[in-house]
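Q: My file is run.tsv. It has TSV, C-alpha atoms and all ligand atoms:
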```tsv
chain	number	residue	atom	x	y	z
V	1	MET	CA	115.89	-23.72	213.37
V	2	LYS	CA	114.52	-20.18	213.60
V	3	LYS	CA	111.92	-18.68	211.25
V	4	GLY	CA	113.54	-16.81	208.39
V	5	ALA	CA	116.38	-19.31	207.82
V	6	THR	CA	117.06	-20.00	204.16
V	7	LEU	CA	116.39	-23.41	202.68
V	8	ALA	CA	120.11	-23.80	201.88
V	9	ASP	CA	121.10	-23.06	205.50
V	10	PHE	CA	118.47	-25.43	206.79
V	11	LEU	CA	119.66	-28.25	204.53
V	12	GLU	CA	123.28	-27.64	205.42
V	13	ASN	CA	122.38	-28.26	209.06
V	14	THR	CA	120.06	-31.19	208.56
V	15	THR	CA	121.23	-33.35	205.66
V	16	ASN	CA	124.17	-34.34	203.48
V	17	LEU	CA	125.51	-32.32	200.56
V	18	ASP	CA	124.43	-34.72	197.79
V	19	LEU	CA	120.83	-34.89	199.01
V	20	SER	CA	120.81	-31.11	199.53
V	21	LYS	CA	121.78	-30.64	195.89
V	22	VAL	CA	118.82	-32.72	194.75
V	23	ILE	CA	116.40	-30.82	196.99
V	24	LEU	CA	117.79	-27.43	195.97
V	25	SER	CA	117.47	-28.31	192.29
V	26	LEU	CA	113.81	-29.26	192.85
V	27	ALA	CA	113.36	-25.93	194.64
V	28	GLU	CA	114.90	-24.03	191.70
V	29	GLY	CA	112.59	-25.86	189.29
V	30	SER	CA	109.58	-25.09	191.48
V	31	LYS	CA	110.31	-21.36	191.24
V	32	ILE	CA	110.03	-21.53	187.46
V	33	ILE	CA	106.83	-23.59	187.73
V	34	SER	CA	105.35	-21.18	190.30
V	35	ASN	CA	106.07	-18.25	188.00
V	36	LEU	CA	104.57	-20.03	184.99
V	37	ILE	CA	101.42	-20.84	186.95
V	38	SER	CA	101.02	-17.24	188.13
V	39	ASN	CA	101.31	-15.96	184.56
V	40	ALA	CA	99.64	-18.89	182.78
V	41	GLY	CA	96.68	-16.92	181.43
V	42	ILE	CA	98.94	-14.28	179.88
V	43	ALA	CA	101.51	-16.71	178.50
V	44	ASP	CA	98.79	-18.79	176.83
V	45	ILE	CA	99.81	-21.98	178.60
V	46	LEU	CA	96.42	-22.80	180.11
V	47	GLY	CA	94.51	-25.76	178.70
V	48	VAL	CA	95.47	-29.13	177.35
V	49	THR	CA	98.24	-30.37	175.05
V	50	GLY	CA	95.82	-32.65	173.20
V	51	GLU	CA	97.67	-35.74	174.44
V	52	THR	CA	96.99	-38.33	177.15
V	53	ASN	CA	99.60	-39.65	179.56
V	54	VAL	CA	100.49	-43.27	180.32
V	55	GLN	CA	97.49	-43.50	182.67
V	56	GLY	CA	95.08	-42.32	179.97
V	57	GLU	CA	94.62	-38.90	181.58
V	58	THR	CA	94.43	-35.59	179.74
V	59	VAL	CA	97.78	-33.77	179.80
V	60	GLN	CA	97.61	-30.06	180.57
V	61	LYS	CA	100.23	-27.84	178.95
V	62	LEU	CA	101.54	-27.01	182.41
V	63	ASP	CA	101.83	-30.73	183.35
V	64	ASP	CA	104.14	-31.21	180.43
V	65	LEU	CA	106.18	-28.06	181.04
V	66	SER	CA	106.57	-28.79	184.77
V	67	ASN	CA	107.80	-32.29	184.01
V	68	LYS	CA	110.46	-31.01	181.61
V	69	ILE	CA	111.58	-28.26	184.00
V	70	LEU	CA	112.04	-30.65	186.92
V	71	MET	CA	113.92	-33.15	184.80
V	72	ASP	CA	116.27	-30.43	183.53
V	73	TYR	CA	116.96	-29.02	187.00
V	74	LEU	CA	117.50	-32.46	188.51
V	75	ARG	CA	119.88	-33.37	185.72
V	76	ALA	CA	121.87	-30.23	186.51
V	77	SER	CA	122.21	-31.30	190.17
V	78	GLU	CA	124.50	-34.18	189.10
V	79	THR	CA	123.63	-36.15	192.25
V	80	ALA	CA	120.23	-37.26	190.90
V	81	ALA	CA	120.53	-40.68	189.26
V	82	GLY	CA	117.00	-41.58	188.17
V	83	TYR	CA	113.62	-39.97	187.58
V	84	LEU	CA	110.07	-41.28	187.54
V	85	SER	CA	107.16	-38.99	186.75
V	86	GLU	CA	103.41	-39.25	186.40
V	87	GLU	CA	103.94	-37.83	182.91
V	88	ASN	CA	106.55	-40.35	181.69
V	89	GLU	CA	105.82	-43.97	180.88
V	90	GLY	CA	109.21	-45.29	181.96
V	91	ILE	CA	112.08	-44.30	184.19
V	92	VAL	CA	114.82	-41.91	183.06
V	93	THR	CA	118.51	-42.10	183.91
V	94	LEU	CA	119.66	-38.57	184.70
V	95	HIS	CA	123.22	-39.31	185.77
V	96	GLU	CA	124.98	-42.64	185.61
V	97	ASN	CA	127.00	-41.77	188.71
V	98	GLY	CA	124.13	-40.08	190.57
V	99	LYS	CA	123.18	-41.28	194.03
V	100	TYR	CA	119.47	-40.50	194.36
V	101	ILE	CA	116.23	-41.72	192.80
V	102	ILE	CA	113.41	-39.18	192.52
V	103	SER	CA	109.73	-39.96	191.93
V	104	VAL	CA	107.59	-36.95	191.10
V	105	ASP	CA	104.08	-35.82	190.35
V	106	PRO	CA	105.14	-32.62	188.56
V	107	LEU	CA	101.76	-30.90	188.80
V	108	ASP	CA	99.23	-32.57	191.04
V	109	GLY	CA	95.61	-31.48	190.83
V	110	SER	CA	96.28	-30.10	187.36
V	111	SER	CA	92.61	-30.17	186.39
V	112	ASN	CA	92.37	-27.19	188.78
V	113	ILE	CA	94.85	-25.04	186.84
V	114	ASP	CA	92.24	-23.28	184.73
V	115	ALA	CA	90.20	-22.52	187.87
V	116	CYS	CA	93.11	-20.85	189.71
V	117	ALA	CA	92.82	-23.27	192.65
V	118	PRO	CA	95.87	-24.57	194.58
V	119	ILE	CA	97.96	-27.23	192.85
V	120	GLY	CA	101.34	-28.72	193.70
V	121	THR	CA	104.47	-30.69	192.93
V	122	ILE	CA	105.01	-33.85	195.00
V	123	PHE	CA	108.39	-35.60	195.34
V	124	ASN	CA	109.91	-38.65	196.98
V	125	ILE	CA	113.67	-39.30	197.19
V	126	VAL	CA	115.41	-42.60	197.94
V	127	GLU	CA	118.99	-43.79	197.52
V	128	ARG	CA	119.75	-45.79	194.40
V	129	LEU	CA	120.35	-49.53	194.85
V	130	SER	CA	121.98	-50.30	191.51
V	131	PRO	CA	125.68	-49.76	190.77
V	132	ALA	CA	126.75	-46.85	188.54
V	133	GLY	CA	125.23	-46.93	185.05
V	134	SER	CA	121.59	-46.85	184.02
V	135	VAL	CA	119.02	-46.98	186.80
V	136	ASN	CA	116.44	-49.78	186.83
V	137	ASP	CA	112.87	-50.25	188.09
V	138	ALA	CA	114.09	-51.94	191.28
V	139	ASP	CA	115.74	-48.65	192.31
V	140	PHE	CA	112.23	-47.16	192.46
V	141	PHE	CA	110.46	-50.13	194.10
V	142	GLN	CA	111.44	-49.21	197.65
V	143	THR	CA	108.91	-48.97	200.45
V	144	GLY	CA	108.32	-45.59	202.08
V	145	ASN	CA	110.42	-46.79	205.01
V	146	HIS	CA	113.45	-46.14	202.79
V	147	THR	CA	112.54	-42.58	201.87
V	148	LYS	CA	115.36	-40.12	202.56
V	149	ALA	CA	113.40	-36.94	201.83
V	150	ALA	CA	109.89	-36.16	200.66
V	151	GLY	CA	107.55	-33.27	200.39
V	152	TYR	CA	105.57	-30.99	198.17
V	153	PHE	CA	105.47	-27.51	196.77
V	154	ILE	CA	102.01	-25.99	197.03
V	155	TYR	CA	101.22	-23.25	194.53
V	156	GLY	CA	98.41	-21.47	196.36
V	157	SER	CA	97.95	-17.99	197.78
V	158	SER	CA	101.66	-18.42	198.59
V	159	THR	CA	104.10	-20.92	197.19
V	160	ILE	CA	105.29	-23.11	200.06
V	161	LEU	CA	107.69	-26.03	200.21
V	162	VAL	CA	106.76	-28.55	202.91
V	163	ILE	CA	109.59	-31.00	203.43
V	164	THR	CA	110.86	-33.75	205.68
V	165	THR	CA	114.21	-35.49	205.72
V	166	GLY	CA	112.96	-37.84	208.43
V	167	ASN	CA	113.42	-35.49	211.32
V	168	GLY	CA	110.17	-33.53	211.51
V	169	VAL	CA	108.42	-31.36	208.95
V	170	ASN	CA	109.23	-27.79	207.98
V	171	GLY	CA	107.58	-25.31	205.64
V	172	PHE	CA	109.45	-22.70	203.56
V	173	THR	CA	107.62	-19.85	201.85
V	174	LEU	CA	108.84	-18.50	198.52
V	175	ASN	CA	109.64	-14.80	198.79
V	176	THR	CA	108.30	-13.36	195.54
V	177	GLU	CA	110.66	-10.38	195.70
V	178	ASN	CA	114.04	-12.05	196.05
V	179	HIS	CA	112.95	-15.56	194.96
V	180	GLY	CA	114.36	-17.35	198.00
V	181	TYR	CA	112.67	-20.00	200.15
V	182	TYR	CA	112.58	-19.01	203.85
V	183	LEU	CA	111.54	-21.05	206.87
V	184	SER	CA	108.00	-19.90	207.71
V	185	HIS	CA	106.44	-23.01	209.29
V	186	PRO	CA	109.04	-24.60	211.60
V	187	ASP	CA	108.37	-28.07	213.00
V	188	ILE	CA	104.83	-28.57	211.69
V	189	LYS	CA	102.75	-30.84	213.91
V	190	THR	CA	99.31	-31.94	212.86
V	191	SER	CA	96.44	-32.25	215.32
V	192	GLU	CA	95.52	-35.73	216.63
V	193	ASN	CA	91.89	-34.81	216.16
V	194	GLY	CA	90.36	-32.98	213.26
V	195	LYS	CA	87.03	-31.53	212.23
V	196	ILE	CA	87.45	-31.68	208.46
V	197	TYR	CA	86.85	-34.60	206.11
V	198	SER	CA	87.94	-34.42	202.50
V	199	LEU	CA	86.77	-36.87	199.86
V	200	ASN	CA	84.82	-36.88	196.62
V	201	GLN	CA	81.40	-37.36	198.19
V	202	GLY	CA	79.86	-37.40	194.71
V	203	ASN	CA	81.24	-40.94	194.45
V	204	ILE	CA	79.41	-42.14	197.57
V	205	GLU	CA	77.22	-44.65	195.76
V	206	LYS	CA	80.40	-46.32	194.49
V	207	TYR	CA	81.89	-46.62	198.00
V	208	GLU	CA	81.88	-49.78	200.08
V	209	GLU	CA	79.47	-49.99	203.03
V	210	GLY	CA	82.08	-49.13	205.69
V	211	MET	CA	83.03	-45.95	203.82
V	212	LYS	CA	79.39	-44.92	203.46
V	213	LYS	CA	78.97	-45.38	207.22
V	214	PHE	CA	82.07	-43.30	207.94
V	215	VAL	CA	80.70	-40.47	205.78
V	216	SER	CA	77.38	-40.69	207.71
V	217	TYR	CA	79.37	-40.55	210.97
V	218	CYS	CA	81.21	-37.39	209.85
V	219	SER	CA	78.00	-35.64	208.85
V	220	ALA	CA	75.91	-36.73	211.88
V	221	ILE	CA	75.05	-34.22	214.60
V	222	ASP	CA	76.81	-34.87	217.94
V	223	LYS	CA	77.68	-32.01	220.24
V	224	GLU	CA	80.22	-33.91	222.31
V	225	THR	CA	82.46	-34.69	219.32
V	226	SER	CA	81.72	-31.38	217.53
V	227	ARG	CA	79.99	-33.11	214.65
V	228	PRO	CA	79.00	-32.63	211.93
V	229	TYR	CA	82.53	-32.16	210.65
V	230	SER	CA	83.11	-29.83	207.72
V	231	LEU	CA	83.44	-31.31	204.27
V	232	ARG	CA	86.23	-29.58	202.35
V	233	TYR	CA	87.40	-30.95	199.01
V	234	ILE	CA	89.43	-29.04	196.46
V	235	GLY	CA	90.16	-32.02	194.21
V	236	SER	CA	93.86	-31.32	194.50
V	237	MET	CA	95.56	-33.75	196.86
V	238	VAL	CA	98.28	-31.26	197.72
V	239	GLY	CA	95.71	-28.57	198.55
V	240	ASP	CA	93.51	-30.90	200.58
V	241	VAL	CA	96.30	-32.64	202.49
V	242	HIS	CA	98.10	-29.36	203.20
V	243	ARG	CA	94.98	-27.73	204.62
V	244	ASN	CA	94.29	-30.74	206.83
V	245	LEU	CA	97.93	-30.89	207.96
V	246	ILE	CA	97.66	-27.30	209.17
V	247	LYS	CA	94.10	-27.43	210.53
V	248	GLY	CA	93.50	-31.10	211.39
V	249	GLY	CA	91.39	-33.43	209.28
V	250	ILE	CA	91.33	-36.51	207.11
V	251	PHE	CA	91.73	-36.86	203.34
V	252	ILE	CA	90.47	-40.06	201.76
V	253	TYR	CA	90.60	-41.46	198.25
V	254	PRO	CA	89.14	-44.91	198.79
V	255	ALA	CA	88.89	-47.96	196.60
V	256	ASN	CA	85.47	-47.88	194.97
V	257	LYS	CA	83.40	-49.71	192.38
V	258	GLY	CA	85.12	-48.17	189.37
V	259	GLU	CA	88.58	-47.89	190.94
V	260	LYS	CA	89.48	-51.07	192.79
V	261	LYS	CA	92.79	-49.62	194.02
V	262	GLY	CA	91.60	-46.05	194.34
V	263	LYS	CA	93.00	-43.37	192.07
V	264	LEU	CA	96.16	-41.99	193.58
V	265	ARG	CA	99.61	-43.29	192.76
V	266	LEU	CA	101.76	-45.01	195.38
V	267	LEU	CA	105.27	-43.94	194.41
V	268	TYR	CA	104.90	-40.23	193.73
V	269	GLU	CA	101.68	-39.24	195.51
V	270	CYS	CA	100.87	-41.50	198.45
V	271	ILE	CA	104.31	-42.44	199.83
V	272	PRO	CA	105.65	-38.86	199.97
V	273	MET	CA	102.43	-37.46	201.46
V	274	ALA	CA	102.35	-40.32	203.99
V	275	PHE	CA	105.97	-39.70	205.03
V	276	VAL	CA	105.29	-36.00	205.57
V	277	THR	CA	102.09	-36.73	207.49
V	278	GLU	CA	103.69	-39.34	209.77
V	279	GLN	CA	106.62	-37.02	210.44
V	280	ALA	CA	104.08	-34.37	211.49
V	281	GLY	CA	102.46	-36.82	213.93
V	282	GLY	CA	99.62	-37.97	211.68
V	283	LYS	CA	98.77	-41.31	210.12
V	284	ALA	CA	98.43	-42.69	206.58
V	285	THR	CA	97.08	-46.09	205.55
V	286	ASP	CA	95.41	-47.83	202.62
V	287	GLY	CA	92.53	-48.64	204.98
V	288	ASN	CA	94.46	-51.54	206.41
V	289	GLN	CA	98.27	-51.22	206.24
V	290	ARG	CA	100.57	-48.23	206.66
V	291	ILE	CA	101.20	-46.66	203.26
V	292	LEU	CA	104.92	-46.65	204.12
V	293	ASP	CA	104.89	-50.46	204.52
V	294	LEU	CA	103.40	-51.15	201.08
V	295	GLN	CA	105.86	-52.83	198.70
V	296	PRO	CA	105.71	-51.12	195.29
V	297	VAL	CA	105.61	-53.54	192.36
V	298	GLU	CA	104.66	-51.24	189.47
V	299	LEU	CA	105.88	-47.77	188.56
V	300	HIS	CA	102.44	-46.20	188.24
V	301	GLU	CA	100.47	-48.40	190.64
V	302	ARG	CA	97.61	-46.97	192.63
V	303	THR	CA	96.47	-47.37	196.21
V	304	ALA	CA	93.55	-46.32	198.35
V	305	ILE	CA	94.61	-43.73	200.93
V	306	PHE	CA	93.37	-42.54	204.34
V	307	ILE	CA	95.63	-39.75	205.56
V	308	GLY	CA	95.64	-37.06	208.22
V	309	SER	CA	94.82	-36.72	211.91
V	310	LYS	CA	95.52	-39.96	213.72
V	311	ASN	CA	92.21	-40.30	215.56
V	312	LEU	CA	90.18	-39.65	212.41
V	313	VAL	CA	92.12	-42.28	210.45
V	314	ASP	CA	91.56	-44.73	213.33
V	315	LYS	CA	87.86	-43.88	213.36
V	316	ALA	CA	87.60	-44.54	209.61
V	317	HIS	CA	89.28	-47.93	210.20
V	318	GLU	CA	86.62	-48.82	212.79
V	319	PHE	CA	83.93	-48.38	210.16
V	320	LEU	CA	85.88	-50.17	207.45
V	321	ASN	CA	86.45	-53.18	209.66
V	322	GLY	CA	83.14	-53.30	211.44
M	1	LIG	P1	96.42	-35.62	188.90
M	1	LIG	O1	97.69	-36.06	189.51
M	1	LIG	O2	96.27	-36.14	187.49
M	1	LIG	O3	96.18	-34.15	188.98
M	1	LIG	O4	95.20	-36.37	189.68
M	1	LIG	C1	95.24	-36.50	191.04
M	1	LIG	C2	94.17	-35.66	191.68
M	1	LIG	C3	94.43	-35.42	193.13
M	1	LIG	O5	95.15	-34.25	193.30
M	1	LIG	C4	93.04	-35.29	193.69
M	1	LIG	O6	92.98	-35.61	195.04
M	1	LIG	C5	92.26	-36.27	192.86
M	1	LIG	O7	92.94	-36.37	191.62
M	1	LIG	C6	90.85	-35.82	192.61
M	1	LIG	O8	90.17	-36.83	191.95
M	1	LIG	P2	88.58	-36.74	191.75
M	1	LIG	O9	88.34	-35.66	190.75
M	1	LIG	O10	88.23	-38.12	191.24
M	1	LIG	O11	87.96	-36.45	193.08
M	2	MG	MG	98.61	-36.21	190.96
```
Starting from the file, lay out its structure as structure tokens.
A:
Amino acid sequence: MKKGATLADFLENTTNLDLSKVILSLAEGSKIISNLISNAGIADILGVTGETNVQGETVQKLDDLSNKILMDYLRASETAAGYLSEENEGIVTLHENGKYIISVDPLDGSSNIDACAPIGTIFNIVERLSPAGSVNDADFFQTGNHTKAAGYFIYGSSTILVITTGNGVNGFTLNTENHGYYLSHPDIKTSENGKIYSLNQGNIEKYEEGMKKFVSYCSAIDKETSRPYSLRYIGSMVGDVHRNLIKGGIFIYPANKGEKKGKLRLLYECIPMAFVTEQAGGKATDGNQRILDLQPVELHERTAIFIGSKNLVDKAHEFLNG
């Protein structure tokens, strides 16, 4: 489809009506979130709520607001059946007759809010398995191979929706004047090679030997392979993965001494980002298996992740296994 197409037109041509309704309701919610983020300092919604979420993490006021906004908009879509969020302990039935199950990180990288750095909303959509009525955990425990649509909204210098319905990746920029999403990045393909590595290098002493060696490889001088690579780490998965998707690179959050399964959540962070990345020609693993092949067994479970340019992920594997 040509640049400038609306999100609604794009969805009409690429997916079914029920799934479109879910995606469009997420897009409407994201517009409210984007506006709140832009005006956060004035509206006095920076800072924390004083509560911790189910994972023991500090809840920012905007985490909480974003979660409520997305739930409300999804409920209004009527085709969304169930909702899982980083901010809710359990699953929520939105519509007993709904068809889709949505797992969301409402505001990823939220510790960056006060610093005005890019943050995002990540979503993964699968079809429900249960019959009409309340949804159950099994509806959510589907591997990434069952994902029907996934993507993220990045709230950065622009607000952009990057989405796949399993047929390539497209980016839509939010027009701040008429509040529509328009196709600005058609058919995004990520480079096979990259010159950026993104990880929390401050944790290096907690990394396993193979990881330490991979970091040394990235920072070593070698003209032929254009090393050293650049280290770029925002601390916002959406910001880091988006930059690497556009420019080529690898983002890693590995298992380490304090975090045996890494930090990032499988259902609403790693699976959707992996689906987008694979659809753009990249690769995503837990250091061993494809992220999309991992069988979820807990709502908020974590996994290590290696994601981005194919050859860089393969190179990291060489060090992990050797
Ligand atoms: P959040 O979902 O609570 O915001 O946490 C996830 C974020 C990711 O966006 C980012 O990649 C990671 O946490 C950064 O963690 P660290 O500060 O340990 O490097
Ligand atoms: Mg997150």
Q: Considering only C-alpha atoms and all ligand atoms, give me a table of residues in chain V that are at most 8 Å from ligand MG 2 (chain M), with the closest atom pair and distance in Å for each, as JSON lines.
A:
```
{"residue": "V:Glu86", "atom": "CA", "partner": "M:MG2", "partner_atom": "MG", "distance": 7.3}
{"residue": "V:Asp105", "atom": "CA", "partner": "M:MG2", "partner_atom": "MG", "distance": 5.5}
{"residue": "V:Pro106", "atom": "CA", "partner": "M:MG2", "partner_atom": "MG", "distance": 7.8}
{"residue": "V:Leu107", "atom": "CA", "partner": "M:MG2", "partner_atom": "MG", "distance": 6.5}
{"residue": "V:Asp108", "atom": "CA", "partner": "M:MG2", "partner_atom": "MG", "distance": 3.7}
{"residue": "V:Gly109", "atom": "CA", "partner": "M:MG2", "partner_atom": "MG", "distance": 5.6}
{"residue": "V:Ser110", "atom": "CA", "partner": "M:MG2", "partner_atom": "MG", "distance": 7.5}
{"residue": "V:Ile122", "atom": "CA", "partner": "M:MG2", "partner_atom": "MG", "distance": 7.9}
{"residue": "V:Ser236", "atom": "CA", "partner": "M:MG2", "partner_atom": "MG", "distance": 7.7}
{"residue": "V:Met237", "atom": "CA", "partner": "M:MG2", "partner_atom": "MG", "distance": 7.1}
{"residue": "V:Leu264", "atom": "CA", "partner": "M:MG2", "partner_atom": "MG", "distance": 6.8}
{"residue": "V:Arg265", "atom": "CA", "partner": "M:MG2", "partner_atom": "MG", "distance": 7.4}
{"residue": "V:Tyr268", "atom": "CA", "partner": "M:MG2", "partner_atom": "MG", "distance": 8.0}
{"residue": "V:Glu269", "atom": "CA", "partner": "M:MG2", "partner_atom": "MG", "distance": 6.3}
```
Q: Rank nothing, just name the residue among V:Val54, V:Leu94, V:Val297, V:Val313 nearest to ligand LIG 1 (chain M), using all atoms listed in the file.
A: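 Answer, going by the shortest atom-to-atom distance: V:Val54.
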Q: Under the rule of at most 10 Å, produce a per-residue listing of chain V near ligand LIG 1 (chain M): chain, number, name, the closest pair of atoms, and the distance in Å, as CSV, using all atoms listed in the file.
A:
```
residue,atom,partner,partner_atom,distance
V:Asn53,CA,M:LIG1,O2,9.3
V:Gln55,CA,M:LIG1,O2,8.9
V:Gly56,CA,M:LIG1,O2,9.8
V:Glu57,CA,M:LIG1,O2,6.7
V:Thr58,CA,M:LIG1,O2,8.0
V:Val59,CA,M:LIG1,O2,8.2
V:Gln60,CA,M:LIG1,O2,9.3
V:Asp63,CA,M:LIG1,O3,8.7
V:Glu86,CA,M:LIG1,O1,7.3
V:Glu87,CA,M:LIG1,O2,9.1
V:Asp105,CA,M:LIG1,O1,6.4
V:Pro106,CA,M:LIG1,O1,8.3
V:Leu107,CA,M:LIG1,O3,6.5
V:Asp108,CA,M:LIG1,O3,4.0
V:Gly109,CA,M:LIG1,O3,3.3
V:Ser110,CA,M:LIG1,O3,4.4
V:Ser111,CA,M:LIG1,O3,5.9
V:Asn112,CA,M:LIG1,O3,7.9
V:Ile113,CA,M:LIG1,O3,9.5
V:Pro118,CA,M:LIG1,O5,9.8
V:Ile119,CA,M:LIG1,O5,7.6
V:Gly120,CA,M:LIG1,O5,8.3
V:Thr121,CA,M:LIG1,O1,9.3
V:Ile122,CA,M:LIG1,O1,9.4
V:Ser198,CA,M:LIG1,O6,9.1
V:Leu199,CA,M:LIG1,O11,6.9
V:Asn200,CA,M:LIG1,O11,4.8
V:Gln201,CA,M:LIG1,O11,8.4
V:Gly202,CA,M:LIG1,O11,8.3
V:Asn203,CA,M:LIG1,O10,8.2
V:Tyr233,CA,M:LIG1,O11,8.1
V:Ile234,CA,M:LIG1,O6,7.6
V:Gly235,CA,M:LIG1,C6,4.2
V:Ser236,CA,M:LIG1,O5,3.4
V:Met237,CA,M:LIG1,O5,3.6
V:Val238,CA,M:LIG1,O5,6.2
V:Gly239,CA,M:LIG1,O5,7.8
V:Asp240,CA,M:LIG1,O6,7.3
V:Val241,CA,M:LIG1,O6,8.7
V:Phe251,CA,M:LIG1,O6,8.5
V:Ile252,CA,M:LIG1,O6,8.4
V:Tyr253,CA,M:LIG1,O6,7.1
V:Glu259,CA,M:LIG1,O10,9.8
V:Gly262,CA,M:LIG1,O10,9.2
V:Lys263,CA,M:LIG1,O7,7.0
V:Leu264,CA,M:LIG1,C1,6.1
V:Arg265,CA,M:LIG1,O1,8.2
V:Tyr268,CA,M:LIG1,O1,9.3
V:Glu269,CA,M:LIG1,O1,7.9
```
Q: Quick one: everything within 9 Å of V:Glu205, counting only C-alpha atoms, minus sequence neighbours fewer than 4 positions away in the same chain. Send it as a PyMOL selection string.
A: chain V and resi 201+212+256-257
Q: Box in all listed atoms of stretch 204-221 of chain V, axis-aligned, with 6 Å more on each side; write out centre and edge lengths in Å to one decimal as lines of an AutoDock Vina configuration file.
A:
```
center_x = 79.0
center_y = -42.1
center_z = 204.5
size_x = 20.0
size_y = 27.8
size_z = 32.1
```
Q: Using all atoms listed in the file, which of the listed residues (V:Lys148, V:Lys189, V:Arg232, V:Lys206) sits closest to V:Phe275?
A: V:Lys148
Q: Have a look at V:Ala115, V:Ile221, V:Ala132, V:Leu36 and name the one nearest to V:Ser66; count all atoms listed in the file.
A: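 Smallest distance to V:Ser66 is found for V:Leu36.
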Q: If I only have part of stretch 90-102 of chain V, can you fill in N, CA, C and O atoms and write it as a JSON list (two decimals), in the coordinates of the input?
A:
```json
[["chain", "number", "residue", "atom", "x", "y", "z"],
["V", 90, "GLY", "N", 108.13, -44.52, 181.32],
["V", 90, "GLY", "CA", 109.21, -45.29, 181.96],
["V", 90, "GLY", "C", 110.12, -44.40, 182.79],
["V", 90, "GLY", "O", 109.92, -43.19, 182.88],
["V", 91, "ILE", "N", 111.13, -45.05, 183.36],
["V", 91, "ILE", "CA", 112.08, -44.30, 184.19],
["V", 91, "ILE", "C", 113.15, -43.66, 183.30],
["V", 91, "ILE", "O", 113.39, -44.12, 182.19],
["V", 92, "VAL", "N", 113.80, -42.63, 183.82],
["V", 92, "VAL", "CA", 114.82, -41.91, 183.06],
["V", 92, "VAL", "C", 116.11, -41.91, 183.88],
["V", 92, "VAL", "O", 116.07, -41.61, 185.08],
["V", 93, "THR", "N", 117.21, -42.25, 183.23],
["V", 93, "THR", "CA", 118.51, -42.10, 183.91],
["V", 93, "THR", "C", 118.97, -40.67, 183.71],
["V", 93, "THR", "O", 119.09, -40.20, 182.58],
["V", 94, "LEU", "N", 119.22, -39.97, 184.81],
["V", 94, "LEU", "CA", 119.66, -38.57, 184.70],
["V", 94, "LEU", "C", 121.18, -38.48, 184.74],
["V", 94, "LEU", "O", 121.78, -37.71, 184.01],
["V", 95, "HIS", "N", 121.77, -39.28, 185.65],
["V", 95, "HIS", "CA", 123.22, -39.31, 185.77],
["V", 95, "HIS", "C", 123.68, -40.70, 186.14],
["V", 95, "HIS", "O", 123.25, -41.24, 187.15],
["V", 96, "GLU", "N", 124.56, -41.26, 185.35],
["V", 96, "GLU", "CA", 124.98, -42.64, 185.61],
["V", 96, "GLU", "C", 125.68, -42.79, 186.96],
["V", 96, "GLU", "O", 125.66, -43.83, 187.57],
["V", 97, "ASN", "N", 126.32, -41.70, 187.41],
["V", 97, "ASN", "CA", 127.00, -41.77, 188.71],
["V", 97, "ASN", "C", 126.20, -41.13, 189.84],
["V", 97, "ASN", "O", 126.71, -40.96, 190.94],
["V", 98, "GLY", "N", 124.95, -40.74, 189.55],
["V", 98, "GLY", "CA", 124.13, -40.08, 190.57],
["V", 98, "GLY", "C", 123.80, -41.03, 191.71],
["V", 98, "GLY", "O", 123.91, -42.25, 191.58],
["V", 99, "LYS", "N", 123.38, -40.46, 192.83],
["V", 99, "LYS", "CA", 123.18, -41.28, 194.03],
["V", 99, "LYS", "C", 121.69, -41.43, 194.38],
["V", 99, "LYS", "O", 121.31, -42.36, 195.07],
["V", 100, "TYR", "N", 120.87, -40.52, 193.89],
["V", 100, "TYR", "CA", 119.47, -40.50, 194.36],
["V", 100, "TYR", "C", 118.46, -40.76, 193.24],
["V", 100, "TYR", "O", 118.68, -40.43, 192.08],
["V", 101, "ILE", "N", 117.35, -41.34, 193.67],
["V", 101, "ILE", "CA", 116.23, -41.72, 192.80],
["V", 101, "ILE", "C", 115.05, -40.83, 193.19],
["V", 101, "ILE", "O", 114.68, -40.78, 194.37],
["V", 102, "ILE", "N", 114.48, -40.15, 192.22],
["V", 102, "ILE", "CA", 113.41, -39.18, 192.52],
["V", 102, "ILE", "C", 112.14, -39.56, 191.78],
["V", 102, "ILE", "O", 112.15, -39.73, 190.56]]
```
